[in-house]
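Inspection log for the structure reproduced underneath, given as C-alpha cells.
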Amino acid sequence: MSIDFKGRVAIVTGAGGGLGRQHALALAARGARVLVNDLGGAVDGAGGSTGAAQAVVDEIRAAGGEAIANGASVTDFGAVQAMVRQAVDAWGRIDILVNNAGILRDKSFAKMALDDFRLVLDVHLMGAVHCTKAVWPLMVEQKYGRIVMTTSSSGLYGNFGQANYGAAKMALVGLMQTLSIEGAKNNIRVNCLAPTAATRMTEGLMPEAVLQALKPEAVVPAMLVLASSDAPNRTILCAGAGTFEAAHITLTPGAWIGTDAQAPERLAARLAEVTMQAGETVPQSGAAQGTNEVGKAMAQLAKT
C-alpha cells in the first residue's frame, strides 16, 4: 500500500529547516500542496525572516511540487488565521496540519526566568492551539482532517534543564487526547509525534557520531503515517534513527484503600501495589479513572 497525498493540502509550521523542512519536502514529494510556515528566527525565537520558508518553497517547486511560503509567528492568532486563509485562497481546503514550530530556552528550573518559561509554552503549546483552532472549522466542514502535534521525550519522561520545554510538550499530549475524541465524528484524527533528531535545537547536546545517526529524515516516515488517510487516532508515535516506538499514558488497576482517618497510612503501606503496572490499561477517555474508582468502591460496599 502506497501512502500518497495527491489532492491534499498541508500546513507545516517551523518548516524552514530541520524536521519541519523534511516534513514539508516529504509531503510535497508524495503529492501534497504545502504551505511552508517559518518565522525564520533563531533557536531561542529571536529575530525573523521569510527567507528560510521561501528557500524550502523554492526547493519543492524545483522538484515539480506546489508550495507557498508564510512567515507568521504561531504565537500571533491573527497572523495564523491569515496564514490559513492564504492556503485556502490558494488551494481551497486544508487537510493536514503538522504543528512543528518550536524554540528552546534551556536552563535548570532554579535559574530559569519566568519569561523564558512562558515564551516556550507560548510557542509550543499556544502555537499549536492557534494553528489547530484556525483549521478546525474547515476540517469539521469538509469532514476530514489530520493533525500532528510534535511532543518530545522531554515531556513524556523529563529531561534536566528543560522544565519549560517538557511542560509544553506534555501539554500537547493532553491537547491531543481530547481533540482526538472531539474530532473523531468528523473524521479528524489527531496524533502526537515524539522525534529524536539532529537539528539546530539538538546541536551541542549530543556527540557528533550520534548526531549523524539521528538524521531528521529518519523521523519523516512516522509523520507521513500520522498524516495519511489511514492514520491512527490518539497515538503517540516515537521515532529516531530508523526505530519507531509508541508511548502510552496508562492506568494501573489500583486498590481500594478507603477514606477513613487511617487511609493515608494504609495507602503508604500498599503504595507498591497501587503503582504496580501489571494489568495496566490505556484508557479511552478520562472517565476511565472515575469508572475504575467507583467500581471498586461499589464492590467493596457490596461486601459489607
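Simple scheme: letters A, B, ... for chains in C-alpha cells order, numbers from 1 for residues in each chain, numbers from 1 for ligands in the order shown.
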
All strand (DSSP E) positions in stretch 74-230 of chain A, as number ranges by chain: A: 96-99, 145-150, 188-195

Keeping only all heavy atoms, write the selected residues as a CSV table (one decimal), in the first residue's frame.
```csv
chain,number,residue,atom,x,y,z
A,96,ILE,N,-4.2,18.7,6.2
A,96,ILE,CA,-3.2,18.3,7.1
A,96,ILE,C,-2.6,19.5,7.8
A,96,ILE,O,-2.2,20.5,7.2
A,96,ILE,CB,-2.1,17.5,6.4
A,96,ILE,CG1,-2.7,16.2,5.7
A,96,ILE,CG2,-0.9,17.1,7.3
A,96,ILE,CD1,-1.8,15.7,4.6
A,97,LEU,N,-2.4,19.4,9.1
A,97,LEU,CA,-1.6,20.4,9.9
A,97,LEU,C,-0.6,19.6,10.7
A,97,LEU,O,-0.9,18.8,11.5
A,97,LEU,CB,-2.6,21.1,10.8
A,97,LEU,CG,-1.9,22.0,11.9
A,97,LEU,CD1,-1.1,23.1,11.2
A,97,LEU,CD2,-2.9,22.6,12.9
A,98,VAL,N,0.7,20.0,10.4
A,98,VAL,CA,1.8,19.5,11.2
A,98,VAL,C,2.3,20.6,12.1
A,98,VAL,O,2.9,21.5,11.6
A,98,VAL,CB,2.9,18.9,10.3
A,98,VAL,CG1,4.0,18.4,11.2
A,98,VAL,CG2,2.4,17.8,9.4
A,99,ASN,N,2.0,20.5,13.4
A,99,ASN,CA,2.4,21.5,14.4
A,99,ASN,C,3.9,21.2,14.8
A,99,ASN,O,4.1,20.4,15.7
A,99,ASN,CB,1.5,21.5,15.6
A,99,ASN,CG,0.2,22.2,15.3
A,99,ASN,OD1,0.1,23.3,14.8
A,99,ASN,ND2,-0.9,21.5,15.6
A,145,GLY,N,-9.7,15.6,8.4
A,145,GLY,CA,-8.5,16.4,8.9
A,145,GLY,C,-7.5,15.4,9.5
A,145,GLY,O,-7.9,14.4,10.1
A,146,ARG,N,-6.3,15.8,9.4
A,146,ARG,CA,-5.2,15.0,10.0
A,146,ARG,C,-4.3,16.1,10.7
A,146,ARG,O,-3.7,16.9,10.0
A,146,ARG,CB,-4.4,14.2,9.0
A,146,ARG,CG,-5.2,13.1,8.3
A,146,ARG,CD,-5.7,12.0,9.2
A,146,ARG,NE,-6.4,11.0,8.6
A,146,ARG,CZ,-7.8,11.0,8.5
A,146,ARG,NH1,-8.5,11.9,9.1
A,146,ARG,NH2,-8.4,10.0,7.9
A,147,ILE,N,-4.2,16.0,12.0
A,147,ILE,CA,-3.4,16.9,12.8
A,147,ILE,C,-2.3,16.2,13.5
A,147,ILE,O,-2.6,15.2,14.3
A,147,ILE,CB,-4.2,17.7,13.8
A,147,ILE,CG1,-5.3,18.5,13.0
A,147,ILE,CG2,-3.4,18.6,14.6
A,147,ILE,CD1,-6.3,19.2,13.9
A,148,VAL,N,-1.0,16.6,13.4
A,148,VAL,CA,0.1,16.0,14.1
A,148,VAL,C,0.7,17.0,15.0
A,148,VAL,O,1.1,18.1,14.6
A,148,VAL,CB,1.2,15.6,13.1
A,148,VAL,CG1,2.3,14.9,13.8
A,148,VAL,CG2,0.6,14.6,12.0
A,149,MET,N,0.7,16.7,16.3
A,149,MET,CA,1.3,17.5,17.3
A,149,MET,C,2.7,17.0,17.5
A,149,MET,O,2.9,15.8,17.5
A,149,MET,CB,0.6,17.4,18.7
A,149,MET,CG,-0.9,17.7,18.6
A,149,MET,SD,-1.2,19.5,18.4
A,149,MET,CE,-3.0,19.5,18.5
A,150,THR,N,3.7,17.9,17.7
A,150,THR,CA,5.1,17.4,18.0
A,150,THR,C,5.3,17.5,19.5
A,150,THR,O,5.5,18.5,20.0
A,150,THR,CB,6.1,18.3,17.2
A,150,THR,OG1,5.8,18.3,15.8
A,150,THR,CG2,7.5,17.7,17.4
A,188,ILE,N,-11.7,13.7,11.9
A,188,ILE,CA,-10.4,14.4,12.2
A,188,ILE,C,-9.6,13.6,13.1
A,188,ILE,O,-10.1,13.3,14.3
A,188,ILE,CB,-10.8,15.8,12.8
A,188,ILE,CG1,-11.7,16.6,11.9
A,188,ILE,CG2,-9.5,16.6,13.1
A,188,ILE,CD1,-12.2,17.9,12.5
A,189,ARG,N,-8.5,13.2,12.7
A,189,ARG,CA,-7.6,12.3,13.6
A,189,ARG,C,-6.4,13.1,14.0
A,189,ARG,O,-5.8,13.8,13.3
A,189,ARG,CB,-7.2,11.1,12.8
A,189,ARG,CG,-8.4,10.3,12.3
A,189,ARG,CD,-7.9,9.0,11.5
A,189,ARG,NE,-9.1,8.4,10.8
A,189,ARG,CZ,-9.1,7.4,10.0
A,189,ARG,NH1,-7.9,6.8,9.8
A,189,ARG,NH2,-10.2,6.9,9.5
A,190,VAL,N,-6.2,13.0,15.3
A,190,VAL,CA,-5.2,13.9,16.0
A,190,VAL,C,-4.2,12.9,16.7
A,190,VAL,O,-4.6,12.1,17.5
A,190,VAL,CB,-5.8,14.9,17.0
A,190,VAL,CG1,-4.7,15.9,17.5
A,190,VAL,CG2,-7.0,15.6,16.3
A,191,ASN,N,-2.9,13.1,16.4
A,191,ASN,CA,-1.9,12.3,17.0
A,191,ASN,C,-0.7,13.1,17.4
A,191,ASN,O,-0.6,14.2,17.0
A,191,ASN,CB,-1.5,11.2,15.9
A,191,ASN,CG,-2.6,10.2,15.6
A,191,ASN,OD1,-2.9,9.3,16.3
A,191,ASN,ND2,-3.2,10.5,14.4
A,192,CYS,N,0.2,12.4,18.1
A,192,CYS,CA,1.5,13.1,18.5
A,192,CYS,C,2.7,12.3,17.9
A,192,CYS,O,2.7,11.1,17.9
A,192,CYS,CB,1.6,13.1,20.0
A,192,CYS,SG,0.7,14.4,20.9
A,193,LEU,N,3.7,13.1,17.6
A,193,LEU,CA,5.0,12.6,17.1
A,193,LEU,C,6.0,13.0,18.1
A,193,LEU,O,6.2,14.2,18.4
A,193,LEU,CB,5.3,13.1,15.7
A,193,LEU,CG,6.6,12.8,15.1
A,193,LEU,CD1,6.9,11.3,15.0
A,193,LEU,CD2,6.8,13.5,13.8
A,194,ALA,N,6.8,12.1,18.6
A,194,ALA,CA,7.9,12.4,19.5
A,194,ALA,C,9.2,12.0,18.8
A,194,ALA,O,9.6,10.9,18.8
A,194,ALA,CB,7.8,11.6,20.8
A,195,PRO,N,9.8,13.0,18.2
A,195,PRO,CA,11.0,12.8,17.4
A,195,PRO,C,12.3,12.9,18.2
A,195,PRO,O,12.4,13.6,19.1
A,195,PRO,CB,11.0,13.9,16.3
A,195,PRO,CG,10.3,15.0,17.0
A,195,PRO,CD,9.4,14.4,18.1
```

Looking at only C-alpha atoms, which of A:Ile257, A:Met139, A:Leu35, A:Ala197 is the one that sits closest to A:Leu211? A:Ala197

Calculated over only C-alpha atoms, which of the candidates A:Thr178, A:Thr259, A:Gln142, A:Thr196 has the smallest distance to A:Gly242?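 Using only C-alpha atoms, A:Gly242 sits closest to A:Thr196.
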
Considering only C-alpha atoms, return as a PDB file with all heavy atoms, in the first residue's frame whatever protein or nucleic-acid residues lie within 9 Å of A:Ala55, sequence-local ones (same chain, fewer than 5 positions apart) excluded.
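Final output, saved to around25.pdb:
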```
ATOM      1  N   GLY A  16      11.135  25.832   7.981  1.00  0.00           N
ATOM      2  CA  GLY A  16      12.242  26.447   7.265  1.00  0.00           C
ATOM      3  C   GLY A  16      13.543  25.676   7.371  1.00  0.00           C
ATOM      4  O   GLY A  16      14.500  25.948   6.655  1.00  0.00           O
ATOM      5  N   THR A  50      11.492  35.694   6.264  1.00  0.00           N
ATOM      6  CA  THR A  50      10.773  34.732   5.425  1.00  0.00           C
ATOM      7  C   THR A  50      11.721  33.938   4.533  1.00  0.00           C
ATOM      8  O   THR A  50      11.284  33.048   3.792  1.00  0.00           O
ATOM      9  CB  THR A  50       9.740  35.452   4.532  1.00  0.00           C
ATOM     10  OG1 THR A  50      10.436  36.418   3.720  1.00  0.00           O
ATOM     11  CG2 THR A  50       8.679  36.137   5.366  1.00  0.00           C
ATOM     12  N   ILE A  60      10.877  22.800  -3.201  1.00  0.00           N
ATOM     13  CA  ILE A  60       9.716  21.994  -3.577  1.00  0.00           C
ATOM     14  C   ILE A  60       9.319  22.268  -5.024  1.00  0.00           C
ATOM     15  O   ILE A  60       9.063  21.342  -5.809  1.00  0.00           O
ATOM     16  CB  ILE A  60       8.534  22.282  -2.629  1.00  0.00           C
ATOM     17  CG1 ILE A  60       8.825  21.709  -1.226  1.00  0.00           C
ATOM     18  CG2 ILE A  60       7.229  21.689  -3.178  1.00  0.00           C
ATOM     19  CD1 ILE A  60       7.821  22.122  -0.167  1.00  0.00           C
ATOM     20  N   ALA A  69       5.018  30.123   0.698  1.00  0.00           N
ATOM     21  CA  ALA A  69       5.725  30.448   1.941  1.00  0.00           C
ATOM     22  C   ALA A  69       4.881  31.347   2.826  1.00  0.00           C
ATOM     23  O   ALA A  69       4.057  32.132   2.354  1.00  0.00           O
ATOM     24  CB  ALA A  69       7.052  31.127   1.625  1.00  0.00           C
TER      25      ALA A  69
END
```

Proximity to A:Lys133 - best of A:Phe5, A:Phe244, A:Phe77, A:Trp256, only C-alpha atoms: A:Phe77

Within 8 Å of A:Ser154 using only C-alpha atoms, minus same-chain residues under 5 positions, as a PyMOL selection string: chain A and resi 159+162+165-166+169

What's around A:Gly161 at 7 Å? Count only C-alpha atoms, leave out sequence neighbours fewer than 2 positions away in its own chain, and write the answer as a list in words.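 Residues meeting the cut-off are Asp106, Lys107, Ser108, Phe109, Asn159 and Ala163 of chain A.
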
Could you pull out all residues of stretch 76-218 of chain A with a DSSP call of alpha helix (DSSP H) and give them as a ChimeraX atom specification? /A:77-91,114-121,127-142,153-157,163-183,208-213

Do you know which residues are at most 12 Å from A:Asp122 counting only C-alpha atoms, after dropping those on the same chain fewer than 4 positions away, and could you put them as a ChimeraX atom specification? /A:45,73-77,101-104,115-118,126-130,164-165,167-169,171-172

Considering only C-alpha atoms, state which residue in the set A:Thr235, A:Leu119, A:Leu125, A:Val220 is at the smallest distance from A:Gly18.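 Going through A:Thr235, A:Leu119, A:Leu125, A:Val220 one by one, the smallest distance to A:Gly18 is for A:Val220.
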
Using only C-alpha atoms, which of the listed residues (A:Leu224, A:Ala67, A:Ala299, A:Ala239) sits closest to A:Ala87?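 That would be A:Ala67, the residue with the smallest distance to A:Ala87.
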
Write out as an MDAnalysis selection string which residues come within 10 Å of A:Val9 when counting only C-alpha atoms, dropping same-chain ones fewer than 3 positions away. chainID A and resid 5:6 27:28 31:35 66:67 87:88 90:97

Take atom CA of A:Ala241 and atom CA of A:Ala198 and report the distance between them in Å, one decimal. 9.8 Å

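Counting only C-alpha atoms, the residue from A:Leu237, A:Leu121, A:Met223, A:Val36 that sits nearest to A:Ala72 is A:Val36.
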